[in-house]
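Enquirer: What follows is a structure written as structure tokens; I'll ask about it next.
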Amino acid sequence: MKSKKLYPIRLDINCLPKNIYVSYESFEAGMKGVDSDLLQNQSGRDLIRDMAVEFLEEEEIQILTQKNEKPKAICEGREVSVSFSHTKDAVAGAISFEFNVGCDMENIHRNVHDRLINRMKHIDEKADLYEKLEPVQVWTLKEAALKMIGTGLRKPMKSVRILMKDPGFFDVEFDDGKRAKICSFQHKNHWISVCYHKFPDH
């Protein structure tokens, strides 16, 4: 007998505005080993569709994805900001009508080589950012920010300056002077970071 479809559960994250919805789903055992690009597109799109139904009460959502581009989504003619990220074990997604969002997730056990750490560092970042945080968490902060602006890793991480505020809460400044905020937290065996900036007309 086929199991009943379970709708996504909203993660209760204190450092996020109430109009940003974030969910996480573990992959079924049978999905592991599937081509990563297929997982990125299919699992992410499926999660976002389910989130639109569950949290936004939108039955129809059109999601347009292109490799190395931020997904675009439309609900009944209205644009909604979406972002998703996956590892070999799980997928996470963020969705909002009021905020532009970027989401990144990495396994907490992922090793970030020293050379990559040096390539991540912004010239004006404080050294204690890399002393107080695990390098993999910093990676998610930077990639979430780059996903929010739509470039992803086509733009270097060192172009993004991270400023630590309170535990789990960060400011981010881009090389063009624009700013946004980031919420970062651990869920199960993953670091998840969500970068967000309120749309001008909200």
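We label chains A, B, ... in the order they appear in the structure tokens, count residues from 1 in each chain, and number ligands from 1 in the order shown.
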Which residues, written as a list in words, have at least one atom at most 6 Å from segment 80-97 of chain A, with only C-alpha atoms counted and residues fewer than 3 positions away on the same chain left out?
Expert: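 Result of the neighbour search: Ile20, Tyr21, Val22, Ser23, Tyr24, Glu25, Ser26, Phe27, Gly44, Ala73, Ile74, Asn100, Gly102, Cys103, Asp104 and Met105 of chain A.
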Enquirer: I'd like the contact shell of Met164 of chain A - 10 Å cut-off, only C-alpha atoms, skipping same-chain residues fewer than 6 positions apart - returned as a list in words.
Expert: Glu125, Lys126, Asp128, Leu129, Lys132, Leu133, Phe170, Asp171, Val172 and Ile182 of chain A
Enquirer: Please identify the strand (DSSP E or B) residues within segment 83-132 of chain A (assignment by DSSP from backbone atoms) and present them as a ChimeraX atom specification.
Expert: /A:83-86,90-96,99-107
Enquirer: What's the 10 Å shell around Glu76 of chain A, counting only C-alpha atoms, without same-chain residues fewer than 6 positions away, as a ChimeraX atom specification?
Expert: /A:58-62
Enquirer: For each of A:Ile13, A:Ala52, A:Met148, A:Ile108, take the minimum atom-to-atom distance to Lys188 of chain A, counting only C-alpha atoms, then give the residue where this is smallest.
Expert: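 Looking only at the distances to Lys188 of chain A, the closest residue turns out to be A:Ile108.
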Enquirer: DSSP on the backbone, then: every residue of segment 24-198 of chain A marked alpha helix (DSSP H), written as an NGL selection string.
Expert: :A and (36-56 or 114-120 or 128-132 or 135-149)
Enquirer: What's around Phe185 of chain A at 6 Å? Count only C-alpha atoms, leave out sequence neighbours fewer than 2 positions away in its own chain, and write the answer as a ChimeraX atom specification.
Expert: /A:168,191-192
Enquirer: Name all residues at most 12 Å from segment 174-177 of chain A (count only C-alpha atoms; drop same-chain ones fewer than 5 positions away) and give them as a list in words.
Expert: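 Counting only C-alpha atoms, the residues come to His122, Ile123, Asp124, Lys142, Ala145, Leu146, Met148, Ile149, Thr151, Lys155, Pro156, Met157, Lys158, Ser159, Val160, Arg161, Ile162 and Leu163 of chain A.
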Enquirer: Nearest residue to Phe169 of chain A out of A:Lys181, A:Arg45, A:Lys121, A:His109, using only C-alpha atoms?
Expert: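 Closest residue, counting only C-alpha atoms: A:Lys181.
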Enquirer: Taking 6 positions as the minimum chain separation for residues in the same chain, which residues sit within 12 Å of Arg154 of chain A when counting only C-alpha atoms? Answer as a list in words.
Expert: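 Here the qualifying residues turn out to be Lys67, Asn68, Glu69, Lys70, Glu143, Leu146 and Lys147 of chain A.
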Enquirer: Just to be explicit: take each residue in the selection above, keep N, CA, C and O atoms, and write the result as a JSON list (two decimals), in the first residue's frame.
Expert:
[["chain", "number", "residue", "atom", "x", "y", "z"],
["A", 67, "LYS", "N", 19.83, 25.93, -14.62],
["A", 67, "LYS", "CA", 21.08, 25.64, -13.92],
["A", 67, "LYS", "C", 21.84, 26.94, -13.67],
["A", 67, "LYS", "O", 21.96, 27.79, -14.55],
["A", 68, "ASN", "N", 22.34, 27.07, -12.44],
["A", 68, "ASN", "CA", 23.11, 28.24, -12.00],
["A", 68, "ASN", "C", 22.29, 29.52, -11.90],
["A", 68, "ASN", "O", 22.84, 30.61, -11.81],
["A", 69, "GLU", "N", 20.96, 29.39, -11.94],
["A", 69, "GLU", "CA", 20.09, 30.56, -11.79],
["A", 69, "GLU", "C", 19.14, 30.32, -10.62],
["A", 69, "GLU", "O", 18.78, 29.19, -10.31],
["A", 70, "LYS", "N", 18.72, 31.41, -9.98],
["A", 70, "LYS", "CA", 17.75, 31.29, -8.89],
["A", 70, "LYS", "C", 16.40, 30.89, -9.46],
["A", 70, "LYS", "O", 15.96, 31.45, -10.48],
["A", 143, "GLU", "N", 26.76, 31.26, 0.83],
["A", 143, "GLU", "CA", 26.03, 30.75, -0.33],
["A", 143, "GLU", "C", 24.55, 31.15, -0.27],
["A", 143, "GLU", "O", 23.95, 31.46, -1.31],
["A", 146, "LEU", "N", 24.42, 34.63, -1.65],
["A", 146, "LEU", "CA", 24.59, 34.67, -3.10],
["A", 146, "LEU", "C", 23.38, 34.09, -3.82],
["A", 146, "LEU", "O", 23.02, 34.53, -4.92],
["A", 147, "LYS", "N", 22.72, 33.12, -3.20],
["A", 147, "LYS", "CA", 21.49, 32.59, -3.80],
["A", 147, "LYS", "C", 20.38, 33.64, -3.77],
["A", 147, "LYS", "O", 19.58, 33.73, -4.70]]
